[in-house]
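Listing of model.csv; format and content: CSV, C-alpha atoms and all ligand atoms.
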```
chain,number,residue,atom,x,y,z
A,389,MET,CA,117.6,97.5,153.2
A,390,GLU,CA,120.0,97.0,150.3
A,391,SER,CA,117.3,97.2,147.7
A,392,VAL,CA,116.0,100.4,149.3
A,393,GLU,CA,119.4,102.0,149.0
A,394,LYS,CA,119.7,100.9,145.4
A,395,THR,CA,116.3,102.4,144.5
A,396,ALA,CA,117.2,105.7,146.1
A,397,ALA,CA,120.6,105.9,144.3
A,398,ALA,CA,119.1,105.0,140.9
A,399,GLY,CA,118.3,107.7,138.4
A,400,PRO,CA,115.1,107.8,136.3
A,401,ALA,CA,114.3,104.4,134.5
A,402,PRO,CA,115.6,104.3,131.0
A,403,VAL,CA,113.0,105.3,128.4
A,404,ILE,CA,112.7,103.4,125.1
A,405,VAL,CA,111.2,105.3,122.2
A,406,ALA,CA,110.4,103.5,118.9
A,407,ILE,CA,109.9,105.7,115.8
A,408,ASP,CA,108.8,103.9,112.6
A,409,GLY,CA,107.5,105.0,109.2
A,410,PRO,CA,108.2,105.0,105.5
A,411,SER,CA,111.1,106.8,103.8
A,412,GLY,CA,111.2,110.6,104.1
A,413,THR,CA,108.7,111.0,106.8
A,414,GLY,CA,111.3,112.6,109.1
A,415,LYS,CA,112.4,109.6,111.3
A,416,SER,CA,116.1,110.3,111.3
A,417,SER,CA,116.0,114.1,111.8
A,418,THR,CA,113.2,113.8,114.5
A,419,SER,CA,114.9,110.9,116.3
A,420,LYS,CA,118.3,112.6,116.5
A,421,ALA,CA,116.9,115.9,117.7
A,422,VAL,CA,114.6,114.2,120.3
A,423,ALA,CA,117.4,112.1,121.6
A,424,ALA,CA,119.8,115.1,121.8
A,425,GLN,CA,117.2,117.2,123.6
A,426,LEU,CA,116.3,114.5,126.2
A,427,GLY,CA,119.9,113.2,126.7
A,428,LEU,CA,119.1,109.8,125.2
A,429,SER,CA,121.1,107.5,122.9
A,430,TYR,CA,120.0,107.3,119.2
A,431,LEU,CA,120.0,104.3,116.8
A,432,ASP,CA,119.4,104.5,113.1
A,433,THR,CA,118.5,100.9,112.2
A,434,GLY,CA,118.2,101.7,108.5
A,435,ALA,CA,121.9,102.5,108.5
A,436,GLN,CA,122.6,99.0,109.8
A,437,TYR,CA,120.6,97.4,106.9
A,438,ARG,CA,122.4,99.8,104.5
A,439,ALA,CA,125.7,98.8,106.0
A,440,ILE,CA,125.2,95.0,105.5
A,441,THR,CA,123.9,95.7,102.0
A,442,TRP,CA,127.0,97.8,101.2
A,443,TRP,CA,129.3,95.0,102.5
A,444,MET,CA,127.5,92.5,100.3
A,445,VAL,CA,127.7,94.7,97.2
A,446,ALA,CA,131.4,95.3,97.8
A,447,GLY,CA,131.9,91.5,98.2
A,448,GLY,CA,130.1,90.7,95.0
A,449,ILE,CA,127.3,88.7,96.7
A,450,ASP,CA,124.5,87.8,94.3
A,451,LEU,CA,121.7,89.9,95.7
A,452,THR,CA,119.1,88.2,93.5
A,453,ASP,CA,119.7,85.0,95.4
A,454,PRO,CA,118.2,85.1,99.0
A,455,SER,CA,120.2,81.9,100.0
A,456,ALA,CA,123.5,83.7,99.1
A,457,ILE,CA,122.4,86.7,101.2
A,458,ALA,CA,121.4,84.4,104.1
A,459,ALA,CA,124.7,82.5,103.9
A,460,ALA,CA,126.7,85.8,104.2
A,461,ALA,CA,124.4,87.5,106.8
A,462,GLY,CA,126.5,86.5,109.8
A,463,LYS,CA,129.9,87.6,108.4
A,464,PRO,CA,130.3,91.4,108.6
A,465,GLU,CA,130.8,93.1,112.0
A,466,ILE,CA,128.5,96.1,112.2
A,467,VAL,CA,129.1,98.7,114.9
A,468,SER,CA,126.8,101.6,115.5
A,469,GLY,CA,127.8,104.7,117.6
A,470,THR,CA,124.7,106.0,119.4
A,471,ASP,CA,125.6,109.6,120.2
A,472,PRO,CA,122.8,111.6,118.6
A,473,SER,CA,125.1,114.6,117.8
A,474,ALA,CA,127.6,112.3,116.0
A,475,PRO,CA,126.1,108.9,115.1
A,476,THR,CA,128.6,106.5,113.4
A,477,ILE,CA,128.5,103.3,111.5
A,478,THR,CA,131.3,100.9,110.7
A,479,VAL,CA,131.6,97.6,108.9
A,480,ASP,CA,134.7,95.5,109.9
A,481,GLY,CA,136.2,98.7,111.3
A,482,THR,CA,135.6,100.8,108.1
A,483,ASP,CA,133.6,104.0,108.3
A,484,VAL,CA,130.8,103.5,105.8
A,485,ALA,CA,128.6,106.5,106.7
A,486,GLY,CA,129.0,108.0,103.2
A,487,PRO,CA,129.0,104.9,101.0
A,488,ILE,CA,125.8,103.5,102.5
A,489,ARG,CA,123.8,106.4,101.1
A,490,THR,CA,124.6,105.8,97.4
A,491,PRO,CA,121.7,105.2,95.0
A,492,GLU,CA,123.1,101.7,94.4
A,493,VAL,CA,122.8,100.7,98.1
A,494,THR,CA,119.4,102.5,98.4
A,495,SER,CA,118.1,100.4,95.4
A,496,LYS,CA,119.3,97.1,96.8
A,497,VAL,CA,118.7,97.4,100.6
A,498,SER,CA,115.1,96.2,100.5
A,499,ALA,CA,116.1,92.9,98.9
A,500,VAL,CA,118.8,92.3,101.6
A,501,SER,CA,116.6,93.4,104.5
A,502,ALA,CA,113.8,91.0,103.4
A,503,VAL,CA,116.0,88.0,104.2
A,504,PRO,CA,115.0,86.4,107.6
A,505,GLU,CA,118.7,85.6,108.5
A,506,VAL,CA,119.6,89.2,108.0
A,507,ARG,CA,116.8,90.4,110.1
A,508,THR,CA,117.5,88.0,112.9
A,509,ARG,CA,121.1,89.1,113.1
A,510,ILE,CA,120.4,92.8,112.9
A,511,THR,CA,117.5,92.6,115.3
A,512,GLU,CA,119.7,90.9,118.0
A,513,LEU,CA,122.2,93.7,117.5
A,514,GLN,CA,119.5,96.3,117.9
A,515,ARG,CA,118.1,94.8,121.1
A,516,SER,CA,121.6,94.6,122.7
A,517,ILE,CA,122.3,98.2,121.9
A,518,ALA,CA,118.9,99.3,123.3
A,519,ALA,CA,119.5,97.2,126.5
A,520,ALA,CA,122.9,98.9,127.0
A,521,ALA,CA,121.6,102.5,126.8
A,522,GLU,CA,121.7,103.6,130.4
A,523,LEU,CA,119.4,106.6,130.1
A,524,GLY,CA,117.3,105.2,127.3
A,525,ILE,CA,117.3,105.4,123.5
A,526,VAL,CA,115.4,106.6,120.5
A,527,VAL,CA,115.4,103.8,117.9
A,528,GLU,CA,114.1,104.5,114.4
A,529,GLY,CA,113.3,102.1,111.6
A,530,ARG,CA,110.4,100.1,110.1
A,531,ASP,CA,109.7,97.3,112.6
A,532,ILE,CA,110.9,98.7,115.9
A,533,GLY,CA,107.5,99.1,117.6
A,534,THR,CA,106.1,95.8,116.1
A,535,THR,CA,109.1,93.4,116.4
A,536,VAL,CA,112.4,94.7,117.7
A,537,LEU,CA,111.2,96.5,120.9
A,538,PRO,CA,107.5,95.6,121.3
A,539,ASP,CA,107.6,96.8,124.9
A,540,ALA,CA,108.9,100.3,124.1
A,541,ASP,CA,107.6,103.0,126.4
A,542,LEU,CA,106.4,105.1,123.5
A,543,LYS,CA,105.8,104.2,119.9
A,544,ILE,CA,105.5,106.8,117.1
A,545,PHE,CA,104.5,106.1,113.5
A,546,LEU,CA,105.4,109.0,111.2
A,547,THR,CA,103.6,109.4,107.9
A,548,ALA,CA,103.6,112.1,105.1
A,549,SER,CA,102.2,112.3,101.6
A,550,PRO,CA,104.4,110.7,98.9
A,551,GLU,CA,104.7,114.2,97.3
A,552,ALA,CA,106.1,115.8,100.5
A,553,ARG,CA,108.4,112.9,101.1
A,554,ALA,CA,109.8,113.0,97.5
A,555,ALA,CA,110.3,116.8,97.7
A,556,ARG,CA,112.2,116.4,101.0
A,557,ARG,CA,114.4,113.6,99.6
A,558,SER,CA,115.2,115.2,96.3
A,559,GLY,CA,116.1,118.4,98.3
A,560,GLU,CA,118.7,116.3,100.1
A,561,LEU,CA,120.1,114.6,96.9
A,562,LYS,CA,121.0,117.8,95.2
A,563,GLY,CA,119.5,118.1,91.8
A,564,ALA,CA,117.6,114.8,92.0
A,565,ASP,CA,114.3,114.8,90.0
A,566,VAL,CA,111.3,114.8,92.3
A,567,ALA,CA,109.2,112.4,90.1
A,568,THR,CA,112.0,109.9,89.9
A,569,THR,CA,112.7,110.1,93.6
A,570,ARG,CA,108.9,109.7,94.2
A,571,GLU,CA,108.8,106.5,92.1
A,572,ALA,CA,111.9,105.1,93.8
A,573,LEU,CA,110.6,105.7,97.3
A,574,ILE,CA,107.1,104.3,96.6
A,575,LYS,CA,108.8,101.2,95.2
A,576,ARG,CA,111.0,100.8,98.3
A,577,ASP,CA,108.0,101.3,100.7
A,578,ALA,CA,106.0,98.7,98.8
A,579,ALA,CA,108.8,96.2,99.0
A,580,ASP,CA,109.4,97.0,102.7
A,581,SER,CA,105.6,96.8,103.5
A,582,SER,CA,104.9,93.5,101.7
A,583,ARG,CA,107.8,91.4,102.8
A,584,LYS,CA,107.0,88.4,105.0
A,585,THR,CA,109.4,88.9,107.9
A,586,SER,CA,108.6,92.0,110.1
A,587,PRO,CA,107.3,94.3,107.4
A,588,LEU,CA,107.0,98.1,107.7
A,589,ALA,CA,103.9,98.4,109.8
A,590,LYS,CA,102.3,100.6,112.5
A,591,ALA,CA,102.1,98.9,115.9
A,592,ALA,CA,98.5,98.8,117.3
A,593,ASP,CA,99.6,101.0,120.2
A,594,ALA,CA,101.7,103.5,118.2
A,595,VAL,CA,100.8,107.2,118.0
A,596,GLU,CA,100.5,108.2,114.3
A,597,VAL,CA,101.8,111.6,113.4
A,598,ASP,CA,101.1,112.9,109.8
A,599,THR,CA,104.1,115.3,109.2
A,600,THR,CA,102.9,116.5,105.7
A,601,GLU,CA,101.9,119.9,106.9
A,602,LEU,CA,104.2,120.1,110.0
A,603,THR,CA,107.7,121.7,110.2
A,604,LEU,CA,110.5,119.5,111.5
A,605,GLN,CA,110.5,121.6,114.6
A,606,GLN,CA,106.8,121.0,115.2
A,607,VAL,CA,107.3,117.2,114.9
A,608,ILE,CA,110.2,117.3,117.3
A,609,GLU,CA,108.2,119.3,119.8
A,610,CYS,CA,105.3,116.9,119.5
A,611,VAL,CA,107.5,113.8,120.1
A,612,VAL,CA,109.3,115.5,123.0
A,613,THR,CA,106.0,116.3,124.7
A,614,LEU,CA,104.8,112.7,124.3
A,615,VAL,CA,108.0,111.4,125.9
A,616,GLU,CA,107.7,113.8,128.8
A,617,GLU,CA,104.1,112.9,129.3
A,618,LYS,CA,105.0,109.2,129.4
A,619,ARG,CA,107.8,109.9,131.9
A,620,ALA,CA,105.4,111.8,134.1
A,621,GLY,CA,103.1,108.8,134.0
A,622,LYS,CA,100.2,110.5,132.2
A,701,LIG,N1,108.4,118.0,108.9
A,701,LIG,C1,109.3,118.2,107.9
A,701,LIG,N2,109.2,119.2,107.1
A,701,LIG,C2,110.1,119.5,106.1
A,701,LIG,N3,111.2,118.7,105.9
A,701,LIG,C3,111.4,117.7,106.7
A,701,LIG,C4,110.5,117.4,107.8
A,701,LIG,N4,111.0,116.3,108.4
A,701,LIG,C5,112.1,116.0,107.8
A,701,LIG,N5,112.4,116.8,106.8
A,701,LIG,C6,113.6,116.8,105.9
A,701,LIG,O1,113.3,115.7,105.0
A,701,LIG,C7,114.5,114.9,104.7
A,701,LIG,C8,114.2,113.5,105.1
A,701,LIG,O2,114.1,113.4,106.5
A,701,LIG,P1,114.7,112.1,107.3
A,701,LIG,O3,114.6,112.5,108.7
A,701,LIG,O4,116.0,111.6,106.7
A,701,LIG,O5,113.5,111.0,107.0
A,701,LIG,P2,113.5,109.5,107.2
A,701,LIG,O6,114.5,109.1,108.2
A,701,LIG,O7,112.1,109.2,107.6
A,701,LIG,O8,113.8,108.9,105.8
A,701,LIG,C9,115.6,115.6,105.5
A,701,LIG,O9,116.3,116.5,104.6
A,701,LIG,C10,114.9,116.4,106.6
A,701,LIG,O10,115.5,117.6,107.0
A,702,LIG,N1,114.0,98.7,111.0
A,702,LIG,C1,114.3,98.7,109.7
A,702,LIG,C2,115.0,99.8,109.1
A,702,LIG,C3,115.3,99.8,107.8
A,702,LIG,N2,115.0,98.7,107.0
A,702,LIG,C4,115.4,98.6,105.6
A,702,LIG,O1,116.5,99.5,105.4
A,702,LIG,C5,116.1,100.4,104.3
A,702,LIG,C6,116.8,101.7,104.5
A,702,LIG,O2,116.3,102.3,105.6
A,702,LIG,P1,116.5,103.9,105.9
A,702,LIG,O3,115.8,104.2,107.2
A,702,LIG,O4,118.0,104.2,105.8
A,702,LIG,O5,115.8,104.5,104.7
A,702,LIG,P2,115.5,106.1,104.5
A,702,LIG,O6,114.0,106.1,104.7
A,702,LIG,O7,116.2,106.9,105.4
A,702,LIG,O8,115.8,106.3,103.1
A,702,LIG,C7,114.6,100.4,104.3
A,702,LIG,O9,114.1,100.7,103.0
A,702,LIG,C8,114.3,98.9,104.6
A,702,LIG,O10,114.5,98.0,103.5
A,702,LIG,C9,114.3,97.7,107.6
A,702,LIG,O11,114.0,96.7,106.9
A,702,LIG,N3,114.0,97.7,108.9
```
Before anything else, please render the file you have as structure tokens.
Amino acid sequence: MESVEKTAAAGPAPVIVAIDGPSGTGKSSTSKAVAAQLGLSYLDTGAQYRAITWWMVAGGIDLTDPSAIAAAAGKPEIVSGTDPSAPTITVDGTDVAGPIRTPEVTSKVSAVSAVPEVRTRITELQRSIAAAAELGIVVEGRDIGTTVLPDADLKIFLTASPEARAARRSGELKGADVATTREALIKRDAADSSRKTSPLAKAADAVEVDTTELTLQQVIECVVTLVEEKRAGK
């Protein structure tokens, strides 16, 4: 009897959406908009790897030494706010939303994120955030569908040509040269795809969406439709 009442009172089951892909494919913009439209939480896992990298740079950790990175991995407290209309990220109580986007952090994050101790720590954090999201969550990154949340209800893998991705990124970093941006993102994707521990990869059961010729609005509509179809049990 009790279990029947509980079932009747419960809302829809939380929906977990994993969105992975290389840099500049539209993961953050798509994930935020989809989460906002569907009333779900949102987690930018790249921001967490950037935050731990920022903390290590600020603390003078030798980032050419994986054992130094591993030894420091458990020290900073990283907190992510999951409201898609105002996501936040703090390290030991300091708001680092701005400083984690500098070219210095961007160029160093792949070395830090390749260290297994860093990944174990951040993966645990990501799983606990996802488990606490009452209505569900859109989680974006590189290894969400393969490693962090392999049982996600829906997995999306976004792609786009290097040219399109570089043009989008240099549009954001006002005045940045497209060719230089292209080289930097190709280098980062190669490092992220070739590392041993949970590399950037498409899960076997992920839906691949090539966004090269799509507007952001079209990508958002495509993902919202896929989530709604999943919820309807199609
Ligand atoms: N389909 C698209 N067409 C054009 N611009 C896009 C598209 N998707 C995203 N953008 C823009 O490209 C830039 C990078 O997108 P972002 O969501 O940060 O990518 P990622 O999180 O995959 O690195 C942003 O300025 C965003 O507005
Ligand atoms: N799930 C994730 C997310 C990001 N990362 C790392 O964090 C970096 C920054 O991720 P990001 O999503 O902020 O990168 P952008 O594509 O937005 O520039 C990546 O280049 C990876 O090295 C990761 O290893 N695993």
Which residues are near ligand LIG 701 (chain A) in this structure, taking near to mean any atom at most 7 Å from a ligand atom and counting all atoms listed in the file? Format them as a list in words. Gly409, Pro410, Ser411, Gly412, Thr413, Gly414, Lys415, Ser416, Ser417, Thr418, Arg553, Arg556, Arg557, Gly559, Glu560, Thr599, Thr600, Leu602, Thr603, Leu604 and Val607 of chain A
Do you know which residues are within 7 Å of ligand LIG 702 (chain A) using only C-alpha atoms and all ligand atoms? Can you write them as a list in words?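 With only C-alpha atoms and all ligand atoms and a cut-off of 7 Å, ligand LIG 702 (chain A) is contacted by Pro410, Ser411, Gly412, Ser416, Asp432, Thr433, Gly434, Ala435, Tyr437, Arg438, Thr494, Val497, Ser498, Ser501, Ala502, Glu528, Gly529, Arg530, Asp531, Ile532, Arg576, Asp577 and Asp580 of chain A.
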For range 463-467 of chain A, work out the shell of residues within 10 Å, counting all atoms listed in the file and skipping chain neighbours fewer than 2 positions away, then give it as a ChimeraX atom specification. /A:435-437,439-440,443-444,459-461,469-470,476-483,510,513,517
Fewer than 6 positions away in the same chain doesn't count, so skip those; otherwise give me all residues within 10 Å of Ile457 in chain A, counting all atoms listed in the file, as a count of residues only. 14
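The shortest atom-to-atom distance to Pro487 in chain A, with all atoms listed in the file taken into account, belongs to A:Ala446 out of A:Ala446, A:Lys420, A:Ser582, A:Gln606.
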Quick one: residues within 10 Å of Leu537 in chain A, all atoms listed in the file, excluding same-chain residues fewer than 3 positions away - as a list in words?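 Here the answer would be Ile404, Val405, Ala406, Thr511, Gln514, Arg515, Ala518, Val527, Asp531, Ile532, Gly533, Thr534, Ala540, Asp541 and Lys543 of chain A.
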Compare A:Ala567, A:Leu542, A:Ala594, A:Ile407 by their minimum atom-to-atom distance to Glu616 in chain A, counting all atoms listed in the file, and give me the closest one.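 With all atoms listed in the file as the atom set, the closest residue is A:Leu542.
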Find the distance between CA of Ala521 in chain A and CA of Leu428 in chain A and write it in Å to one decimal. 7.9 Å
Counting all atoms listed in the file, figure out which residue out of A:Glu571, A:Asp598, A:Asp471, A:Asp408 gets nearest to Ser495 in chain A. A:Glu571
Selected residue of minimal separation from Ala485 in chain A among A:Ala424, A:Trp442, A:Thr568, A:Val595, counting all atoms listed in the file: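 Looking at the shortest contact to Ala485 in chain A, the residue is A:Trp442.
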Since the input is missing atoms for range 427-444 of chain A, could you rebuild it with N, CA and C atoms and give the result as an mmCIF file, in the frame of the given file?
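Final output, selection-v8.cif:
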```cif
data_model
loop_
_atom_site.group_PDB
_atom_site.id
_atom_site.type_symbol
_atom_site.label_atom_id
_atom_site.label_comp_id
_atom_site.auth_asym_id
_atom_site.auth_seq_id
_atom_site.Cartn_x
_atom_site.Cartn_y
_atom_site.Cartn_z
ATOM 1 N N GLY A 427 118.710 113.898 126.158
ATOM 2 C CA GLY A 427 119.900 113.200 126.700
ATOM 3 C C GLY A 427 119.855 111.710 126.533
ATOM 4 N N LEU A 428 119.207 111.246 125.461
ATOM 5 C CA LEU A 428 119.100 109.800 125.200
ATOM 6 C C LEU A 428 120.061 109.374 124.106
ATOM 7 N N SER A 429 120.298 108.066 123.993
ATOM 8 C CA SER A 429 121.100 107.500 122.900
ATOM 9 C C SER A 429 120.160 107.505 121.639
ATOM 10 N N TYR A 430 120.775 107.240 120.486
ATOM 11 C CA TYR A 430 120.000 107.300 119.200
ATOM 12 C C TYR A 430 120.534 106.111 118.335
ATOM 13 N N LEU A 431 119.603 105.370 117.746
ATOM 14 C CA LEU A 431 120.000 104.300 116.800
ATOM 15 C C LEU A 431 119.225 104.367 115.523
ATOM 16 N N ASP A 432 119.987 104.479 114.412
ATOM 17 C CA ASP A 432 119.400 104.500 113.100
ATOM 18 C C ASP A 432 119.524 103.054 112.522
ATOM 19 N N THR A 433 118.416 102.310 112.590
ATOM 20 C CA THR A 433 118.500 100.900 112.200
ATOM 21 C C THR A 433 118.567 100.743 110.661
ATOM 22 N N GLY A 434 118.059 101.759 109.933
ATOM 23 C CA GLY A 434 118.200 101.700 108.500
ATOM 24 C C GLY A 434 119.656 101.730 108.072
ATOM 25 N N ALA A 435 120.475 102.474 108.820
ATOM 26 C CA ALA A 435 121.900 102.500 108.500
ATOM 27 C C ALA A 435 122.550 101.146 108.661
ATOM 28 N N GLN A 436 122.031 100.341 109.598
ATOM 29 C CA GLN A 436 122.600 99.000 109.800
ATOM 30 C C GLN A 436 122.228 98.102 108.585
ATOM 31 N N TYR A 437 120.975 98.196 108.105
ATOM 32 C CA TYR A 437 120.600 97.400 106.900
ATOM 33 C C TYR A 437 121.362 97.913 105.689
ATOM 34 N N ARG A 438 121.572 99.207 105.619
ATOM 35 C CA ARG A 438 122.400 99.800 104.500
ATOM 36 C C ARG A 438 123.810 99.259 104.596
ATOM 37 N N ALA A 439 124.346 99.184 105.822
ATOM 38 C CA ALA A 439 125.700 98.800 106.000
ATOM 39 C C ALA A 439 125.959 97.323 105.561
ATOM 40 N N ILE A 440 125.038 96.449 105.931
ATOM 41 C CA ILE A 440 125.200 95.000 105.500
ATOM 42 C C ILE A 440 125.014 94.905 104.020
ATOM 43 N N THR A 441 124.145 95.744 103.445
ATOM 44 C CA THR A 441 123.900 95.700 102.000
ATOM 45 C C THR A 441 125.214 96.232 101.283
ATOM 46 N N TRP A 442 125.802 97.310 101.801
ATOM 47 C CA TRP A 442 127.000 97.800 101.200
ATOM 48 C C TRP A 442 128.130 96.748 101.225
ATOM 49 N N TRP A 443 128.251 96.032 102.348
ATOM 50 C CA TRP A 443 129.300 95.000 102.500
ATOM 51 C C TRP A 443 129.030 93.889 101.435
ATOM 52 N N MET A 444 127.772 93.528 101.225
ATOM 53 C CA MET A 444 127.500 92.500 100.300
ATOM 54 C C MET A 444 127.719 92.918 98.819
#
```
